[in-house]
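Everything below concerns the one structure shown next.
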Amino acid sequence: MSLVHVDRLIAVVAAEQDSLITWHQLQALGLGRGAIEHRVRCARLHQIHVGVFCCGVRVDSPWMRGRAAVFAAGAGSVVSHERCCGLLGIRPHPRGPVDITVVGRRVRQAGIRAHRVARLAPDDVRLVRGIPLTSPARTLLDMAPSLTPSELADAVEQAQVKRLVTKRDIARILERAGARAGVRALRAVLDEPAFTRSRAERRLVSLLRAAKLPQPVFNAFAEGYEVDALWRHERVVLEFDSYAFHATKAAFVRDREKSAALERGRHVVLRTTWHELTKESHALIARTAEVLARAADGT
């Protein structure tokens, strides 16, 4: 096989793997130690980890780093913890070593932070772009001990917004987690009265709790419409106005049609904004308390 042909095959294999190729793959293409080392000296291959190379111009990316760590750690390793959060988009991409989880053995490689576990359930692993990652629920559990309550709540929220995880997913992983670190912190997020997708909803829960007002049901249905927050017995609805979700004329019309239907059904409709929730929350709570009190009195 000609050297030109071999180098083309190397490029084809690497193109499917974020520009990466392993020592064993190079050997399978017929290259011996000398040929591999020659390509490293000529900068046609760049060593990322022991036995893992970048082909051609070195292009660093989070996905390439994750795949390279898994290649270096060997079969059964998965990207996890902070690095997995970055790849899933639920936390910023971290700097420093790549976190991986490995079952039952030690891995010591520069640039890799290995977490050894006794086992990983099949449901704890996802294949994304051909790279094994811990599942979103498992990733949140792994990260729970190292995040503040607010950071953990934000990560859970982001996972929900991206439709990566559900309340049931987290409940399942907590059931089999035993007494390991992070269980209590993640359960505290799960046990919030409103397990919701938005910061607005979580902010409202906190404000209502501080004011000792009843908690609503979030993302419930009234008069055939899904509403942001509903006090069912009092027939009070609170809707969040957000430019991101109400910027089009069609969305504006739908909101007004929904409000009209709710009012015909004898619901009181309140509206608020992120600015009011964060900067003028006293005014929102005063309005809400007044409406709930009138509803309770039947006036």
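Convention: chains lettered A, B, ... in structure tokens order; per-chain residue numbering from 1; ligands numbered from 1 as shown.
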Open item on the list: Let's see if you can do this: from backbone DSSP, list all alpha helix (DSSP H) residues in region 21-246 of chain A, as a VMD selection string.
Closed with: chain A and resid 23 to 28 33 to 41 62 to 73 81 to 88 136 to 143 149 to 161 167 to 175 183 to 190 199 to 210 243 to 246
TODO: May I ask which of the residues A:His233, A:Leu164, A:Arg39, A:Arg83 is the closest one to Val268 (chain A), counting only C-alpha atoms?
DONE: A:His233
- [ ] Using only C-alpha atoms, determine which residues lie at most 8 Å from Leu270 (chain A), disregarding the query and same-chain residues fewer than 2 positions distant; provide the list as a list of chain:residue names.
- [x]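 My list of contacting residues is A:Val236, A:Val237, A:Leu238, A:Glu239, A:Val268, A:Thr272, A:Thr288.
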Within 8 Å of region 9-27 of chain A, which residues of region 32-95 of chain A come that close, and what is the closest atom pair and distance in Å for each? Count only C-alpha atoms and give it as CSV.
```
residue,atom,partner,partner_atom,distance
A:Gly32,CA,A:Gln27,CA,6.0
A:Ile36,CA,A:Leu26,CA,7.5
A:Gly51,CA,A:Trp23,CA,4.8
A:Val52,CA,A:Thr22,CA,4.5
A:Phe53,CA,A:Ile21,CA,5.4
A:Cys54,CA,A:Leu20,CA,4.5
A:Cys55,CA,A:Ser19,CA,5.5
A:Gly56,CA,A:Ser19,CA,7.7
A:Val59,CA,A:Ser19,CA,7.9
A:Trp63,CA,A:Asp18,CA,7.3
A:Met64,CA,A:Asp18,CA,5.3
A:Arg67,CA,A:Asp18,CA,7.7
A:Ala68,CA,A:Leu20,CA,7.1
A:Phe71,CA,A:Thr22,CA,7.1
```
Residues of region 235-298 of chain A that approach region 198-205 of chain A to 10 Å or less, counting only C-alpha atoms: could you list each one with the shortest pair of atoms and its distance in Å to one decimal, rows by chain and increasing residue number, as a Markdown table?
```
| residue | atom | partner | partner_atom | distance |
| --- | --- | --- | --- | --- |
| A:Phe240 | CA | A:Ala200 | CA | 7.6 |
| A:Ser242 | CA | A:Ala200 | CA | 9.9 |
| A:Thr272 | CA | A:Ala200 | CA | 9.6 |
| A:Thr273 | CA | A:Ala200 | CA | 8.4 |
| A:Trp274 | CA | A:Ala200 | CA | 6.5 |
| A:His275 | CA | A:Ala200 | CA | 9.9 |
| A:Leu277 | CA | A:Arg203 | CA | 7.1 |
| A:Thr278 | CA | A:Arg203 | CA | 8.0 |
| A:Ser281 | CA | A:Leu204 | CA | 8.9 |
| A:Leu284 | CA | A:Leu204 | CA | 9.5 |
| A:Ile285 | CA | A:Leu204 | CA | 9.0 |
```
Task: Counting only C-alpha atoms, the residue of A:Glu226, A:Asp169, A:Asp297, A:Glu157 that sits nearest Gly89 (chain A) - done: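 Going through A:Glu226, A:Asp169, A:Asp297, A:Glu157 one by one, the smallest distance to Gly89 (chain A) is for A:Glu157.
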- [ ] Enumerate as JSON, numbers by chain all residues of region 92-258 of chain A assigned to strand (DSSP E or B) by DSSP on the backbone, naming them with the chain letters and numbers the document uses.
- [x] {"A": [98, 99, 100, 101, 102, 103, 112, 113, 114, 115, 116, 117, 125, 126, 127, 128, 131, 132, 133, 134, 217, 218, 219, 220, 221, 222, 225, 226, 227, 228, 229, 230, 231, 236, 237, 238, 239, 240, 241]}
- [ ] Using only C-alpha atoms, find the one residue out of A:Pro132, A:Gly111, A:Pro216, A:Pro145 that sits nearest to Ala181 (chain A).
- [x]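 The answer is A:Pro145, which sits nearest to Ala181 (chain A).
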Open item on the list: Taking 2 positions as the minimum chain separation for residues in the same chain, which residues sit within 12 Å of Leu147 (chain A) when counting only C-alpha atoms? Answer as number ranges by chain.
Closed with: A: 81-82, 91, 140-145, 149-156, 181-182, 185-186
Suppose we keep all heavy atoms; can you now write the selection as a short mmCIF file (atom, residue, chain, number, x, y, z; two decimals), in the first residue's frame?
```cif
data_model
loop_
_atom_site.label_atom_id
_atom_site.label_comp_id
_atom_site.auth_asym_id
_atom_site.auth_seq_id
_atom_site.Cartn_x
_atom_site.Cartn_y
_atom_site.Cartn_z
N HIS A 81 -19.23 14.35 34.62
CA HIS A 81 -19.05 15.49 35.51
C HIS A 81 -19.06 16.83 34.75
O HIS A 81 -19.91 17.02 33.88
CB HIS A 81 -17.78 15.31 36.35
CG HIS A 81 -17.89 14.19 37.35
ND1 HIS A 81 -17.79 12.86 36.97
CD2 HIS A 81 -18.09 14.21 38.68
CE1 HIS A 81 -17.93 12.10 38.05
NE2 HIS A 81 -18.11 12.89 39.09
N GLU A 82 -18.11 17.72 35.10
CA GLU A 82 -18.13 19.08 34.55
C GLU A 82 -18.00 19.09 33.03
O GLU A 82 -18.64 19.88 32.34
CB GLU A 82 -17.00 19.91 35.18
CG GLU A 82 -17.10 21.40 34.94
CD GLU A 82 -18.10 22.11 35.85
OE1 GLU A 82 -18.52 21.52 36.86
OE2 GLU A 82 -18.47 23.24 35.52
N ARG A 91 -24.04 23.59 31.59
CA ARG A 91 -23.09 24.41 32.33
C ARG A 91 -22.05 24.91 31.32
O ARG A 91 -21.91 24.32 30.24
CB ARG A 91 -22.36 23.59 33.42
CG ARG A 91 -23.26 23.06 34.53
CD ARG A 91 -23.28 23.95 35.74
NE ARG A 91 -21.93 24.14 36.30
CZ ARG A 91 -21.62 25.14 37.13
NH1 ARG A 91 -22.51 26.03 37.46
NH2 ARG A 91 -20.39 25.25 37.60
N LEU A 140 -26.10 15.24 36.55
CA LEU A 140 -26.57 16.14 37.60
C LEU A 140 -26.28 15.57 38.98
O LEU A 140 -25.87 16.30 39.90
CB LEU A 140 -28.07 16.41 37.44
CG LEU A 140 -28.45 17.24 36.22
CD1 LEU A 140 -29.96 17.20 35.98
CD2 LEU A 140 -27.98 18.69 36.36
N LEU A 141 -26.46 14.26 39.15
CA LEU A 141 -26.15 13.62 40.43
C LEU A 141 -24.66 13.70 40.72
O LEU A 141 -24.24 13.99 41.85
CB LEU A 141 -26.62 12.17 40.41
CG LEU A 141 -26.32 11.35 41.68
CD1 LEU A 141 -26.99 11.97 42.90
CD2 LEU A 141 -26.78 9.91 41.50
N ASP A 142 -23.84 13.44 39.72
CA ASP A 142 -22.39 13.51 39.90
C ASP A 142 -21.93 14.92 40.29
O ASP A 142 -20.99 15.09 41.07
CB ASP A 142 -21.67 13.11 38.61
CG ASP A 142 -21.73 11.61 38.33
OD1 ASP A 142 -21.97 10.83 39.29
OD2 ASP A 142 -21.55 11.22 37.16
N MET A 143 -22.59 15.94 39.73
CA MET A 143 -22.18 17.31 39.97
C MET A 143 -22.75 17.89 41.26
O MET A 143 -22.23 18.89 41.78
CB MET A 143 -22.62 18.19 38.80
CG MET A 143 -21.85 17.95 37.51
SD MET A 143 -20.09 18.27 37.72
CE MET A 143 -20.11 20.00 38.18
N ALA A 144 -23.80 17.28 41.79
CA ALA A 144 -24.50 17.85 42.94
C ALA A 144 -23.60 18.17 44.13
O ALA A 144 -23.75 19.23 44.76
CB ALA A 144 -25.64 16.92 43.37
N PRO A 145 -22.62 17.32 44.48
CA PRO A 145 -21.80 17.64 45.66
C PRO A 145 -20.91 18.87 45.48
O PRO A 145 -20.52 19.49 46.47
CB PRO A 145 -20.93 16.38 45.84
CG PRO A 145 -21.64 15.30 45.11
CD PRO A 145 -22.30 15.97 43.96
N PRO A 149 -26.39 25.21 45.95
CA PRO A 149 -27.80 24.94 45.65
C PRO A 149 -28.33 25.72 44.46
O PRO A 149 -29.08 25.19 43.64
CB PRO A 149 -28.51 25.34 46.95
CG PRO A 149 -27.49 25.11 48.02
CD PRO A 149 -26.18 25.50 47.38
N SER A 150 -27.90 26.99 44.34
CA SER A 150 -28.35 27.81 43.22
C SER A 150 -27.78 27.30 41.90
O SER A 150 -28.50 27.23 40.88
CB SER A 150 -27.93 29.26 43.44
OG SER A 150 -28.28 30.06 42.33
N GLU A 151 -26.50 26.93 41.89
CA GLU A 151 -25.88 26.41 40.67
C GLU A 151 -26.52 25.10 40.25
O GLU A 151 -26.74 24.86 39.05
CB GLU A 151 -24.38 26.21 40.90
CG GLU A 151 -23.59 27.50 40.99
CD GLU A 151 -22.15 27.28 41.42
OE1 GLU A 151 -21.87 26.23 42.05
OE2 GLU A 151 -21.31 28.15 41.14
N LEU A 152 -26.82 24.25 41.23
CA LEU A 152 -27.46 22.97 40.90
C LEU A 152 -28.86 23.19 40.35
O LEU A 152 -29.25 22.56 39.36
CB LEU A 152 -27.51 22.08 42.15
CG LEU A 152 -28.14 20.70 41.96
CD1 LEU A 152 -27.39 19.89 40.91
CD2 LEU A 152 -28.16 19.94 43.29
N ALA A 153 -29.60 24.10 40.96
CA ALA A 153 -30.95 24.40 40.46
C ALA A 153 -30.89 24.95 39.04
O ALA A 153 -31.71 24.59 38.19
CB ALA A 153 -31.64 25.39 41.40
N ASP A 154 -29.90 25.79 38.77
CA ASP A 154 -29.74 26.33 37.41
C ASP A 154 -29.41 25.22 36.41
O ASP A 154 -29.91 25.21 35.28
CB ASP A 154 -28.63 27.39 37.38
CG ASP A 154 -29.09 28.72 37.95
OD1 ASP A 154 -30.31 28.91 38.10
OD2 ASP A 154 -28.22 29.57 38.23
N ALA A 155 -28.54 24.29 36.82
CA ALA A 155 -28.17 23.19 35.92
C ALA A 155 -29.38 22.30 35.62
O ALA A 155 -29.59 21.88 34.48
CB ALA A 155 -27.05 22.36 36.54
N VAL A 156 -30.17 22.02 36.65
CA VAL A 156 -31.39 21.22 36.46
C VAL A 156 -32.34 21.95 35.52
O VAL A 156 -32.92 21.36 34.61
CB VAL A 156 -32.07 20.92 37.81
CG1 VAL A 156 -33.44 20.29 37.59
CG2 VAL A 156 -31.19 19.99 38.65
N ALA A 181 -22.89 10.77 47.97
CA ALA A 181 -22.85 12.23 48.03
C ALA A 181 -23.67 12.82 46.89
O ALA A 181 -23.68 12.31 45.78
CB ALA A 181 -21.41 12.71 47.94
N GLY A 182 -24.36 13.90 47.18
CA GLY A 182 -25.13 14.60 46.17
C GLY A 182 -26.60 14.25 46.16
O GLY A 182 -27.41 14.99 45.61
N ALA A 185 -28.79 16.89 48.05
CA ALA A 185 -28.87 18.17 47.34
C ALA A 185 -29.77 18.09 46.12
O ALA A 185 -30.59 18.98 45.86
CB ALA A 185 -27.47 18.62 46.93
N LEU A 186 -29.64 16.99 45.35
CA LEU A 186 -30.46 16.85 44.15
C LEU A 186 -31.91 16.59 44.52
O LEU A 186 -32.83 17.08 43.85
CB LEU A 186 -29.92 15.73 43.27
CG LEU A 186 -30.55 15.59 41.88
CD1 LEU A 186 -30.46 16.90 41.10
CD2 LEU A 186 -29.88 14.46 41.09
#
```
Excluding same-chain residues fewer than 5 positions from region 126-129 of chain A, what lies within 9 Å of it counting only C-alpha atoms, as a PDB file with N, CA, C and O atoms, in the first residue's frame?
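Now in selection.pdb:
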```pdb
ATOM      1  N   TRP A  63     -15.628  18.832  22.025  1.00  0.00           N
ATOM      2  CA  TRP A  63     -15.982  17.479  21.606  1.00  0.00           C
ATOM      3  C   TRP A  63     -14.735  16.650  21.303  1.00  0.00           C
ATOM      4  O   TRP A  63     -14.659  15.467  21.642  1.00  0.00           O
ATOM      5  N   VAL A  78     -16.426   6.840  30.041  1.00  0.00           N
ATOM      6  CA  VAL A  78     -17.434   7.781  29.542  1.00  0.00           C
ATOM      7  C   VAL A  78     -17.089   9.181  30.029  1.00  0.00           C
ATOM      8  O   VAL A  78     -16.596   9.358  31.146  1.00  0.00           O
ATOM      9  N   THR A 134     -22.098  10.335  30.337  1.00  0.00           N
ATOM     10  CA  THR A 134     -23.074   9.994  31.364  1.00  0.00           C
ATOM     11  C   THR A 134     -24.392  10.665  31.003  1.00  0.00           C
ATOM     12  O   THR A 134     -24.424  11.744  30.417  1.00  0.00           O
ATOM     13  N   SER A 135     -25.495  10.014  31.349  1.00  0.00           N
ATOM     14  CA  SER A 135     -26.817  10.555  31.038  1.00  0.00           C
ATOM     15  C   SER A 135     -27.006  11.895  31.759  1.00  0.00           C
ATOM     16  O   SER A 135     -26.332  12.171  32.766  1.00  0.00           O
ATOM     17  N   PRO A 136     -27.910  12.740  31.284  1.00  0.00           N
ATOM     18  CA  PRO A 136     -28.131  14.023  31.964  1.00  0.00           C
ATOM     19  C   PRO A 136     -28.463  13.860  33.446  1.00  0.00           C
ATOM     20  O   PRO A 136     -27.932  14.604  34.282  1.00  0.00           O
TER      21      PRO A 136
END
```
Open item on the list: So that I can check the surroundings of Lys167 (chain A), please list as JSON, numbers by chain every protein, DNA and RNA residue that reaches within 9 Å of it, counting only C-alpha atoms and ignoring chain neighbours fewer than 3 positions away.
Closed with: {"A": [160, 170, 171, 172, 190, 195]}
Just write the chosen residues, all heavy atoms, as a PDB file, in the first residue's frame.
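Okay, this is what ended up in selection.pdb:
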```
ATOM      1  N   GLN A 160     -33.751  20.848  31.793  1.00  0.00           N
ATOM      2  CA  GLN A 160     -35.173  20.797  31.458  1.00  0.00           C
ATOM      3  C   GLN A 160     -35.484  21.633  30.221  1.00  0.00           C
ATOM      4  O   GLN A 160     -36.232  21.195  29.341  1.00  0.00           O
ATOM      5  CB  GLN A 160     -36.004  21.323  32.626  1.00  0.00           C
ATOM      6  CG  GLN A 160     -36.128  20.368  33.790  1.00  0.00           C
ATOM      7  CD  GLN A 160     -37.036  20.981  34.834  1.00  0.00           C
ATOM      8  OE1 GLN A 160     -36.626  21.860  35.578  1.00  0.00           O
ATOM      9  NE2 GLN A 160     -38.261  20.536  34.868  1.00  0.00           N
ATOM     10  N   ILE A 170     -34.837  11.992  37.105  1.00  0.00           N
ATOM     11  CA  ILE A 170     -34.061  12.272  38.315  1.00  0.00           C
ATOM     12  C   ILE A 170     -34.551  11.404  39.471  1.00  0.00           C
ATOM     13  O   ILE A 170     -33.746  10.888  40.251  1.00  0.00           O
ATOM     14  CB  ILE A 170     -34.138  13.765  38.661  1.00  0.00           C
ATOM     15  CG1 ILE A 170     -33.434  14.579  37.566  1.00  0.00           C
ATOM     16  CG2 ILE A 170     -33.505  14.045  40.016  1.00  0.00           C
ATOM     17  CD1 ILE A 170     -33.438  16.071  37.787  1.00  0.00           C
ATOM     18  N   ALA A 171     -35.865  11.224  39.577  1.00  0.00           N
ATOM     19  CA  ALA A 171     -36.393  10.374  40.645  1.00  0.00           C
ATOM     20  C   ALA A 171     -35.858   8.951  40.528  1.00  0.00           C
ATOM     21  O   ALA A 171     -35.500   8.311  41.527  1.00  0.00           O
ATOM     22  CB  ALA A 171     -37.922  10.377  40.607  1.00  0.00           C
ATOM     23  N   ARG A 172     -35.767   8.450  39.316  1.00  0.00           N
ATOM     24  CA  ARG A 172     -35.265   7.083  39.108  1.00  0.00           C
ATOM     25  C   ARG A 172     -33.814   6.941  39.528  1.00  0.00           C
ATOM     26  O   ARG A 172     -33.435   5.961  40.183  1.00  0.00           O
ATOM     27  CB  ARG A 172     -35.414   6.694  37.636  1.00  0.00           C
ATOM     28  CG  ARG A 172     -36.825   6.308  37.232  1.00  0.00           C
ATOM     29  CD  ARG A 172     -36.871   6.034  35.747  1.00  0.00           C
ATOM     30  NE  ARG A 172     -38.165   5.514  35.323  1.00  0.00           N
ATOM     31  CZ  ARG A 172     -38.532   5.360  34.062  1.00  0.00           C
ATOM     32  NH1 ARG A 172     -37.674   5.692  33.098  1.00  0.00           N
ATOM     33  NH2 ARG A 172     -39.719   4.881  33.749  1.00  0.00           N
ATOM     34  N   LEU A 190     -35.496  18.442  43.464  1.00  0.00           N
ATOM     35  CA  LEU A 190     -36.636  17.660  42.975  1.00  0.00           C
ATOM     36  C   LEU A 190     -37.884  17.903  43.811  1.00  0.00           C
ATOM     37  O   LEU A 190     -39.000  17.914  43.289  1.00  0.00           O
ATOM     38  CB  LEU A 190     -36.279  16.171  42.995  1.00  0.00           C
ATOM     39  CG  LEU A 190     -37.278  15.224  42.340  1.00  0.00           C
ATOM     40  CD1 LEU A 190     -37.282  15.417  40.837  1.00  0.00           C
ATOM     41  CD2 LEU A 190     -36.951  13.779  42.685  1.00  0.00           C
ATOM     42  N   PHE A 195     -41.392  22.005  40.261  1.00  0.00           N
ATOM     43  CA  PHE A 195     -40.227  21.536  39.489  1.00  0.00           C
ATOM     44  C   PHE A 195     -40.439  22.067  38.085  1.00  0.00           C
ATOM     45  O   PHE A 195     -41.198  21.509  37.307  1.00  0.00           O
ATOM     46  CB  PHE A 195     -40.195  20.007  39.518  1.00  0.00           C
ATOM     47  CG  PHE A 195     -38.965  19.423  38.869  1.00  0.00           C
ATOM     48  CD1 PHE A 195     -37.809  19.254  39.598  1.00  0.00           C
ATOM     49  CD2 PHE A 195     -38.971  19.033  37.548  1.00  0.00           C
ATOM     50  CE1 PHE A 195     -36.680  18.701  39.022  1.00  0.00           C
ATOM     51  CE2 PHE A 195     -37.857  18.484  36.956  1.00  0.00           C
ATOM     52  CZ  PHE A 195     -36.712  18.314  37.701  1.00  0.00           C
TER      53      PHE A 195
END
```
TODO: Rounded to one decimal place, report the CA of Glu175 (chain A)-CA of Ala188 (chain A) distance in Å.
DONE: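 Separation of CA of Glu175 (chain A) and CA of Ala188 (chain A): 13.9 Å.
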